[in-house]
$ cat data-v1.txt   # compact mmCIF, C-alpha atoms
# COMPACT_ATOMS: atom_id res chain seq x y z
CA MET C 12 -32.10 -56.70 -45.00
CA ALA C 13 -31.83 -60.46 -45.25
CA ILE C 14 -28.40 -61.78 -46.18
CA GLY C 15 -29.87 -63.44 -49.27
CA TRP C 16 -30.39 -60.05 -50.96
CA TYR C 17 -26.70 -59.24 -50.69
CA LEU C 18 -25.87 -62.64 -52.15
CA ALA C 19 -28.25 -61.94 -55.04
CA VAL C 20 -26.49 -58.64 -55.82
CA SER C 21 -23.17 -60.46 -55.62
CA ALA C 22 -24.36 -63.15 -58.05
CA ILE C 23 -25.65 -60.59 -60.56
CA VAL C 24 -22.42 -58.59 -60.48
CA PHE C 25 -20.36 -61.76 -60.87
CA ALA C 26 -22.39 -62.84 -63.91
CA ILE C 27 -22.06 -59.38 -65.50
CA GLY C 28 -18.29 -59.51 -64.98
CA ALA C 29 -18.08 -62.99 -66.50
CA GLY C 30 -20.08 -61.83 -69.53
CA GLY C 31 -17.74 -58.88 -69.96
CA VAL C 32 -14.64 -61.07 -69.83
CA MET C 33 -16.08 -63.20 -72.62
CA THR C 34 -17.36 -60.46 -74.91
CA ARG C 35 -14.86 -57.59 -74.72
CA ARG C 36 -11.58 -57.52 -76.65
CA ASN C 37 -9.72 -54.69 -74.96
CA PRO C 38 -7.44 -56.16 -72.26
CA LEU C 39 -7.92 -53.07 -70.11
CA VAL C 40 -11.67 -53.66 -69.99
CA ILE C 41 -11.10 -57.37 -69.38
CA LEU C 42 -9.03 -56.45 -66.32
CA LEU C 43 -11.86 -54.19 -65.17
CA CYS C 44 -14.31 -57.08 -65.55
CA LEU C 45 -12.01 -59.31 -63.49
CA GLU C 46 -12.15 -56.62 -60.81
CA LEU C 47 -15.94 -56.82 -60.97
CA MET C 48 -15.85 -60.57 -60.35
CA LEU C 49 -13.39 -60.24 -57.45
CA ASN C 50 -15.55 -57.56 -55.88
CA ALA C 51 -18.65 -59.72 -56.21
CA ALA C 52 -16.77 -62.46 -54.34
CA ASN C 53 -15.78 -59.89 -51.71
CA LEU C 54 -19.41 -58.90 -51.21
CA ALA C 55 -20.39 -62.54 -50.72
CA LEU C 56 -17.54 -63.06 -48.24
CA ILE C 57 -18.56 -60.05 -46.18
CA ALA C 58 -22.23 -61.02 -46.30
CA PHE C 59 -21.36 -64.47 -44.92
CA SER C 60 -19.08 -62.88 -42.33
CA ARG C 61 -22.08 -60.83 -41.16
CA MET C 62 -24.28 -63.93 -41.26
CA HIS C 63 -22.01 -65.74 -38.80
CA GLY C 64 -21.09 -62.66 -36.79
CA ASN C 65 -17.44 -63.60 -37.29
CA GLY C 66 -14.64 -61.35 -38.54
CA ASP C 67 -12.70 -64.00 -40.47
CA GLY C 68 -14.57 -63.31 -43.71
CA GLN C 69 -13.58 -59.66 -43.58
CA VAL C 70 -9.92 -60.58 -43.26
CA PHE C 71 -10.38 -62.87 -46.26
CA ALA C 72 -11.92 -59.95 -48.20
CA ILE C 73 -8.94 -57.74 -47.39
CA ILE C 74 -6.54 -60.42 -48.64
CA VAL C 75 -8.60 -60.69 -51.83
CA MET C 76 -8.17 -56.94 -52.27
CA VAL C 77 -4.39 -57.33 -51.93
CA VAL C 78 -4.37 -60.08 -54.56
CA ALA C 79 -6.51 -57.94 -56.86
CA ALA C 80 -4.09 -55.03 -56.50
CA CYS C 81 -1.16 -57.32 -57.42
CA GLU C 82 -3.03 -58.66 -60.43
CA VAL C 83 -3.83 -55.14 -61.62
CA THR C 84 -0.22 -54.02 -61.25
CA VAL C 85 1.18 -56.90 -63.28
CA GLY C 86 -1.62 -56.77 -65.86
CA LEU C 87 -1.19 -53.05 -66.47
CA GLY C 88 2.58 -53.57 -66.70
CA VAL C 89 2.01 -56.12 -69.46
CA ILE C 90 -0.32 -53.71 -71.28
CA VAL C 91 2.23 -50.89 -71.06
CA ALA C 92 4.93 -53.24 -72.40
CA MET C 93 2.61 -54.21 -75.27
CA HIS C 94 2.03 -50.55 -76.06
CA ARG C 95 5.80 -49.84 -76.05
CA ARG C 96 6.42 -52.57 -78.60
CA GLY C 97 3.63 -51.46 -80.87
CA VAL C 98 1.66 -54.66 -80.39
CA PRO C 99 -2.05 -54.02 -80.99
CA ILE C 100 -3.91 -53.82 -77.68
CA ASP C 101 -6.42 -56.50 -78.55
CA VAL C 102 -6.64 -59.96 -77.02
CA ASP C 103 -7.71 -61.56 -80.30
CA GLU C 104 -4.52 -60.35 -82.01
CA LEU C 105 -2.21 -61.74 -79.33
CA ARG C 106 -1.36 -65.27 -80.32
CA GLU C 107 2.28 -65.59 -79.33
CA LEU C 108 3.95 -65.27 -75.99
CA HIS C 109 7.62 -64.94 -76.91
CA GLY C 110 9.10 -61.48 -76.82
CA MET L 147 -33.86 -46.97 -43.64
CA ALA L 148 -31.47 -49.87 -44.20
CA GLU L 149 -33.76 -51.20 -46.93
CA VAL L 150 -33.76 -47.89 -48.83
CA LEU L 151 -29.98 -47.61 -48.56
CA PHE L 152 -29.57 -51.21 -49.66
CA PHE L 153 -31.66 -50.73 -52.79
CA ILE L 154 -29.92 -47.47 -53.73
CA ALA L 155 -26.46 -48.97 -53.25
CA GLY L 156 -27.37 -52.30 -54.84
CA LEU L 157 -28.83 -50.66 -57.93
CA GLY L 158 -25.77 -48.40 -58.11
CA ALA L 159 -23.48 -51.42 -57.95
CA ILE L 160 -25.37 -53.28 -60.68
CA ALA L 161 -25.62 -50.17 -62.88
CA GLY L 162 -21.89 -49.55 -62.49
CA ALA L 163 -21.15 -53.16 -63.44
CA ILE L 164 -23.32 -52.91 -66.55
CA GLY L 165 -21.58 -49.66 -67.43
CA VAL L 166 -18.14 -51.26 -67.16
CA VAL L 167 -19.14 -54.01 -69.58
CA SER L 168 -21.16 -52.02 -72.08
CA LEU L 169 -19.42 -48.64 -72.46
CA ARG L 170 -17.25 -48.42 -75.57
CA ASN L 171 -14.65 -46.01 -74.24
CA ALA L 172 -12.26 -47.59 -71.72
CA PHE L 173 -12.02 -44.32 -69.80
CA TYR L 174 -15.76 -44.31 -69.14
CA SER L 175 -15.53 -47.96 -68.11
CA VAL L 176 -13.03 -46.98 -65.41
CA LEU L 177 -15.35 -44.23 -64.18
CA ALA L 178 -18.27 -46.69 -64.08
CA LEU L 179 -16.10 -49.04 -62.03
CA VAL L 180 -15.43 -46.22 -59.54
CA CYS L 181 -19.21 -45.78 -59.17
CA HIS L 182 -19.58 -49.53 -58.67
CA LEU L 183 -16.84 -49.62 -56.02
CA LEU L 184 -18.34 -46.72 -54.06
CA SER L 185 -21.77 -48.40 -54.06
CA LEU L 186 -20.13 -51.60 -52.89
CA ALA L 187 -18.45 -49.72 -50.05
CA ALA L 188 -21.92 -48.55 -48.97
CA LEU L 189 -23.11 -52.17 -49.00
CA PHE L 190 -20.10 -53.14 -46.86
CA LEU L 191 -21.07 -50.44 -44.37
CA LEU L 192 -24.60 -51.85 -44.22
CA LEU L 193 -23.03 -55.25 -43.43
CA ARG L 194 -21.13 -53.71 -40.47
CA ALA L 195 -17.72 -53.98 -42.15
CA GLN L 196 -16.46 -50.45 -41.51
CA PHE L 197 -12.78 -51.16 -42.00
CA VAL L 198 -13.24 -53.05 -45.25
CA ALA L 199 -15.48 -50.25 -46.57
CA ALA L 200 -12.83 -47.64 -45.76
CA ALA L 201 -10.10 -49.76 -47.36
CA GLN L 202 -12.32 -50.24 -50.40
CA VAL L 203 -12.71 -46.49 -50.88
CA ILE L 204 -9.07 -45.63 -50.19
CA VAL L 205 -7.25 -48.52 -51.86
CA TYR L 206 -9.62 -49.48 -54.66
CA ALA L 207 -11.57 -46.39 -55.63
CA GLY L 208 -8.53 -44.25 -54.87
CA ALA L 209 -5.20 -45.83 -55.64
CA VAL L 210 -5.99 -48.69 -58.04
CA MET L 211 -8.36 -46.59 -60.13
CA VAL L 212 -5.75 -43.82 -60.43
CA LEU L 213 -3.37 -46.45 -61.83
CA TYR L 214 -6.04 -47.47 -64.32
CA VAL L 215 -6.71 -43.89 -65.38
CA PHE L 216 -3.00 -43.28 -65.97
CA VAL L 217 -2.57 -46.43 -68.06
CA VAL L 218 -5.73 -45.75 -70.08
CA SER L 219 -4.57 -42.25 -70.93
CA TYR L 220 -1.03 -43.52 -71.66
CA VAL L 221 -2.24 -46.23 -74.01
CA SER L 222 -5.18 -44.29 -75.39
CA GLU L 223 -4.43 -44.14 -79.04
CA PRO L 224 -6.76 -45.45 -81.72
CA PHE L 225 -6.91 -48.78 -79.91
CA VAL L 226 -8.74 -47.90 -76.74
CA GLY L 227 -12.49 -47.85 -77.03
CA GLY L 228 -13.67 -49.42 -80.23
CA VAL L 229 -11.01 -52.04 -80.82
CA GLY L 230 -11.56 -52.42 -84.51
CA PRO L 231 -14.66 -54.37 -85.45
CA ASP L 232 -16.26 -56.04 -82.48
CA ARG L 233 -16.54 -59.76 -82.04
CA SER L 234 -18.93 -61.62 -84.25
CA ARG L 235 -22.59 -61.55 -83.30
CA PHE L 236 -22.58 -65.26 -82.53
CA ALA L 237 -19.63 -65.00 -80.13
CA ARG L 238 -21.21 -62.08 -78.31
CA LEU L 239 -24.57 -63.80 -77.99
CA THR L 240 -22.84 -66.92 -76.68
CA GLY L 241 -21.02 -64.86 -74.08
CA TYR L 242 -24.18 -63.14 -72.87
CA ALA L 243 -26.10 -66.42 -72.83
CA PHE L 244 -23.35 -67.97 -70.71
CA ALA L 245 -23.49 -65.02 -68.32
CA ALA L 246 -27.28 -65.31 -68.03
CA LEU L 247 -26.99 -69.04 -67.38
CA LEU L 248 -24.37 -68.36 -64.69
CA ALA L 249 -26.65 -65.80 -63.02
CA ALA L 250 -29.59 -68.21 -63.16
CA GLU L 251 -27.51 -70.99 -61.66
CA LEU L 252 -26.27 -68.80 -58.82
CA MET L 253 -29.82 -67.61 -58.11
CA ILE L 254 -31.03 -71.21 -57.96
CA ALA L 255 -28.18 -72.00 -55.58
CA ILE L 256 -29.13 -69.07 -53.33
CA LEU L 257 -32.87 -69.75 -53.38
CA GLY L 258 -32.46 -73.49 -52.94
CA SER L 259 -29.89 -73.19 -50.19
CA GLY L 260 -30.57 -75.12 -47.02
CA LEU L 261 -28.98 -72.39 -44.92
CA GLN L 262 -31.67 -71.04 -42.62
CA ALA L 263 -29.60 -68.01 -41.69
CA ILE L 264 -29.70 -66.64 -45.26
CA ASP L 265 -33.21 -65.37 -44.61
CA GLY L 266 -32.20 -63.65 -41.37
CA ASP L 267 -30.47 -60.37 -40.72
CA GLY L 268 -27.33 -62.08 -39.47
CA ALA L 269 -26.15 -63.41 -36.14
CA GLN L 270 -25.49 -61.41 -33.01
CA TYR L 271 -22.10 -59.78 -33.11
CA ASP L 272 -19.67 -58.36 -30.60
CA PRO L 273 -19.59 -54.57 -30.20
CA GLY L 274 -16.21 -54.37 -31.91
CA PHE L 275 -17.27 -56.34 -34.99
CA GLY L 276 -15.62 -55.00 -38.16
CA THR L 277 -13.70 -52.19 -36.48
CA PRO L 278 -10.04 -51.63 -37.45
CA GLY L 279 -8.94 -52.83 -34.02
CA GLU L 280 -10.72 -56.13 -34.39
CA ILE L 281 -9.45 -56.70 -37.95
CA GLY L 282 -5.92 -55.77 -36.92
CA LYS L 283 -6.04 -58.19 -34.00
CA LEU L 284 -7.17 -60.98 -36.31
CA LEU L 285 -4.54 -60.13 -38.94
CA LEU L 286 -1.68 -60.14 -36.46
CA THR L 287 -2.70 -63.19 -34.42
CA LYS L 288 -4.82 -65.74 -36.24
CA PHE L 289 -3.85 -64.77 -39.79
CA LEU L 290 -0.25 -63.69 -39.27
CA PHE L 291 1.12 -66.04 -41.94
CA VAL L 292 -1.48 -64.87 -44.46
CA PHE L 293 -0.58 -61.26 -43.67
CA GLU L 294 3.12 -61.87 -44.28
CA ALA L 295 2.42 -63.80 -47.48
CA ALA L 296 0.24 -60.94 -48.75
CA SER L 297 2.96 -58.39 -48.08
CA PHE L 298 5.50 -60.56 -49.90
CA LEU L 299 3.08 -60.92 -52.81
CA LEU L 300 2.75 -57.14 -53.02
CA LEU L 301 6.53 -56.79 -53.12
CA MET L 302 6.80 -59.34 -55.91
CA ALA L 303 4.06 -57.61 -57.90
CA ALA L 304 5.80 -54.24 -57.59
CA VAL L 305 9.13 -55.67 -58.77
CA GLY L 306 7.39 -57.57 -61.57
CA ALA L 307 5.58 -54.48 -62.81
CA VAL L 308 8.84 -52.51 -62.93
CA VAL L 309 10.59 -55.31 -64.81
CA LEU L 310 7.71 -55.69 -67.28
CA ALA L 311 7.21 -52.02 -68.06
CA ARG L 312 10.81 -50.87 -68.14
CA ARG L 313 12.40 -49.39 -71.23
CA ARG L 314 14.45 -52.00 -73.00
CA GLY L 315 17.83 -51.30 -74.59
CA GLY L 316 18.96 -48.76 -72.03
CA VAL L 317 18.91 -44.98 -72.26
CA VAL L 318 19.77 -43.63 -75.70
CA GLU L 319 22.72 -41.26 -75.49
CA ASP L 320 22.45 -38.50 -78.07
CA ALA L 321 25.71 -36.62 -78.42
CA ASP L 322 24.15 -33.80 -80.45
CA VAL L 323 21.86 -32.63 -77.71
CA PRO L 324 23.86 -30.35 -75.39
CA VAL L 325 23.42 -30.92 -71.72
CA LEU L 326 22.23 -27.80 -69.96
CA SER L 327 24.03 -27.20 -66.70
CA VAL L 328 23.18 -24.77 -63.96
CA MET L 329 26.32 -22.77 -64.77
CA ASP L 330 24.94 -21.98 -68.24
CA ILE L 331 22.19 -19.97 -66.61
CA ILE L 332 23.95 -18.22 -63.75
CA ARG L 333 27.21 -17.40 -65.51
CA ASP L 334 27.80 -13.76 -66.50
CA GLU L 335 27.61 -13.06 -70.19
CA ASN L 336 30.57 -11.66 -72.11
CA ALA L 337 32.91 -12.27 -69.22
CA GLY L 338 35.47 -13.92 -71.44
CA SER L 339 35.08 -17.33 -69.86
CA MET L 340 36.17 -20.56 -71.49
CA ALA L 341 32.59 -21.67 -72.04
CA GLU L 342 32.01 -18.62 -74.23
CA SER L 343 34.97 -19.43 -76.41
CA VAL L 344 33.66 -22.97 -76.87
CA HIS L 345 30.33 -21.59 -78.05
CA ALA L 346 31.96 -18.76 -80.01
CA GLY L 347 30.36 -19.92 -83.27
CA GLY L 348 27.04 -18.23 -82.69
CA PRO L 349 25.37 -15.76 -80.42
CA ARG L 350 25.31 -17.05 -76.89
CA ASN L 351 21.92 -18.09 -75.68
CA THR L 352 21.47 -17.80 -71.96
CA THR L 353 18.93 -20.57 -71.65
CA GLY L 354 20.77 -22.90 -73.99
CA LEU L 355 17.50 -24.55 -74.99
CA GLU L 356 17.36 -23.34 -78.57
CA ARG L 357 20.84 -24.63 -79.21
CA ARG L 358 19.65 -28.11 -80.10
CA ASP L 359 18.28 -26.87 -83.42
CA SER L 360 21.63 -25.62 -84.72
$ encode --input "data-v1.txt" --output "structure tokens"
Amino acid sequence: MAIGWYLAVSAIVFAIGAGGVMTRRNPLVILLCLELMLNAANLALIAFSRMHGNGDGQVFAIIVMVVAACEVTVGLGVIVAMHRRGVPIDVDELRELHG
Amino acid sequence: MAEVLFFIAGLGAIAGAIGVVSLRNAFYSVLALVCHLLSLAALFLLLRAQFVAAAQVIVYAGAVMVLYVFVVSYVSEPFVGGVGPDRSRFARLTGYAFAALLAAELMIAILGSGLQAIDGDGAQYDPGFGTPGEIGKLLLTKFLFVFEAASFLLLMAAVGAVVLARRRGGVVEDADVPVLSVMDIIRDENAGSMAESVHAGGPRNTTGLERRDS
């Protein structure tokens, strides 16, 4: 398959993730949509790595996975803290940052 | 063969992405994301990235998704799923229109790209391309600093998550709840021990569990 097809899939998934971030209100689902966008970027990185026959893009993709794991850990920690305090789990209701 | 696999995996990836965005229940969204990640791992395999595909399945579809499932079931009270009334129709339509515009723009960028190699199947590669050995060699030579920074970032995220999600105000000590020790279970009954005289008020309960009601 030509590399362009992989890039097309990556673009579609990225756009779907962006649409989800803008339309959903549940922070858990917003985190999932961020994962979608990061994975779309990963697919593009690996497609370009294959295009050049060079492994650097794959290392970049692995680092992106590490960053995504960190983001998920901290984001889910924030959601659990919100749940403990009885704050509604809804991004439209969250207007203040102070504890 | 590669074409058939590509279309199956690509359609699976796009269907999983649509499922994540459109399903109302957050639990089903997580399951749709697992489907998306597995399809993406198949695409990585088609692109000769064996190690990244394996890491995707183990780290993402395995560990990270388990974390999601636990948090969704921990938080799942009336909030998860339909979070009250949804956004207004105008806001939703604006969001989808923006997403469609983004997709159109990216497609134009791909189609109008001057890169000749985009239409090809990719360059020649070494026999070890994408194997764990090759990736490990790159990580520990050329990208050593990045590797160390990533490990430090993981450490910071773990500490941060513990600090964020910890119980505030310390452990509540409740004096009324008796602490059950091992000796309460293995001690002989009616042996005239001191513990029996302490609990002389009522019939002695060997398990000690029902005592919290009295």
$ residues_around --input "data-v1.txt" --residues "Gly15 of chain C" --least-positions-apart "5" --cutoff "8 Å" --atoms "all atoms listed in the file" --output "ChimeraX atom specification"
/L:256,264-265
$ closest_residue --input "data-v1.txt" --among "C:Ser60, C:Leu105, C:Met33, C:Val75" --to "chain L" --atoms "only C-alpha atoms"
C:Met33
$ closest_atom_pairs --input "data-v1.txt" --of "chain C" --to "chain L" --cutoff "8 Å" --atoms "all atoms listed in the file" --output "tab-separated table"
residue	atom	partner	partner_atom	distance
C:Met12	CA	L:Asp267	CA	5.9
C:Ala13	CA	L:Asp267	CA	4.7
C:Ile14	CA	L:Ile264	CA	5.1
C:Gly15	CA	L:Ile264	CA	5.1
C:Leu18	CA	L:Ile256	CA	7.3
C:Ala19	CA	L:Met253	CA	6.6
C:Val20	CA	L:Gly156	CA	6.5
C:Ala22	CA	L:Leu252	CA	6.0
C:Ile23	CA	L:Ala249	CA	5.8
C:Val24	CA	L:Ile160	CA	6.1
C:Phe25	CA	L:Ala249	CA	7.8
C:Ala26	CA	L:Ala245	CA	5.0
C:Ile27	CA	L:Ala245	CA	6.5
C:Gly28	CA	L:Ala163	CA	7.1
C:Ala29	CA	L:Ala245	CA	6.1
C:Gly30	CA	L:Ala245	CA	4.8
C:Gly31	CA	L:Val167	CA	5.1
C:Met33	CA	L:Gly241	CA	5.4
C:Thr34	CA	L:Arg238	CA	5.4
C:Arg35	CA	L:Val167	CA	7.6
C:Arg36	CA	L:Val229	CA	6.9
C:Asn37	CA	L:Val229	CA	6.6
C:Leu39	CA	L:Ala172	CA	7.2
C:Val40	CA	L:Ala172	CA	6.3
C:Leu43	CA	L:Val166	CA	7.2
C:Cys44	CA	L:Val167	CA	7.0
C:Leu47	CA	L:Ala163	CA	6.8
C:Leu54	CA	L:Phe190	CA	7.3
C:Ile57	CA	L:Phe190	CA	7.1
C:Ala58	CA	L:Leu193	CA	6.5
C:Arg61	CA	L:Gly268	CA	5.7
C:Met62	CA	L:Gly268	CA	4.0
C:His63	CA	L:Ala269	CA	5.4
C:Gly64	CA	L:Tyr271	CA	4.8
C:Asn65	CA	L:Tyr271	CA	7.3
C:Gly66	CA	L:Gly276	CA	6.4
C:Asp67	CA	L:Leu284	CA	7.6
C:Gln69	CA	L:Val198	CA	6.8
C:Val70	CA	L:Ile281	CA	6.6
C:Ala72	CA	L:Val198	CA	7.6
C:Ile73	CA	L:Val198	CA	6.7
C:Ile74	CA	L:Ala296	CA	6.8
C:Met76	CA	L:Tyr206	CA	8.0
C:Val77	CA	L:Ala296	CA	6.7
C:Val78	CA	L:Ala296	CA	7.5
C:Ala80	CA	L:Val210	CA	6.8
C:Cys81	CA	L:Ala303	CA	5.3
C:Glu82	CA	L:Ala303	CA	7.6
C:Val83	CA	L:Val210	CA	7.7
C:Thr84	CA	L:Ala307	CA	6.0
C:Val85	CA	L:Ala307	CA	5.0
C:Leu87	CA	L:Val217	CA	6.9
C:Gly88	CA	L:Ala307	CA	5.0
C:Val89	CA	L:Leu310	CA	6.1
C:Val91	CA	L:Ala311	CA	5.9
C:Ala92	CA	L:Ala311	CA	5.1
C:His94	CA	L:Val221	CA	6.4
C:Pro99	CA	L:Phe225	CA	7.2
C:Ile100	CA	L:Phe225	CA	6.3
C:Asp101	CA	L:Val229	CA	6.8
$ atom_distance --input "data-v1.txt" --atom1 "atom CA of Leu56 of chain C" --atom2 "atom CA of Glu294 of chain L"
21.1 Å
$ atom_distance --input "data-v1.txt" --atom1 "atom CA of Leu326 of chain L" --atom2 "atom CA of Arg95 of chain C"
28.2 Å
$ atom_distance --input "data-v1.txt" --atom1 "atom CA of Ala51 of chain C" --atom2 "atom CA of Thr287 of chain L"
27.2 Å
$ closest_residue --input "data-v1.txt" --among "L:Ala200, L:Leu290, L:Leu184, L:Leu177" --to "Ile154 of chain L" --atoms "all atoms listed in the file"
L:Leu184
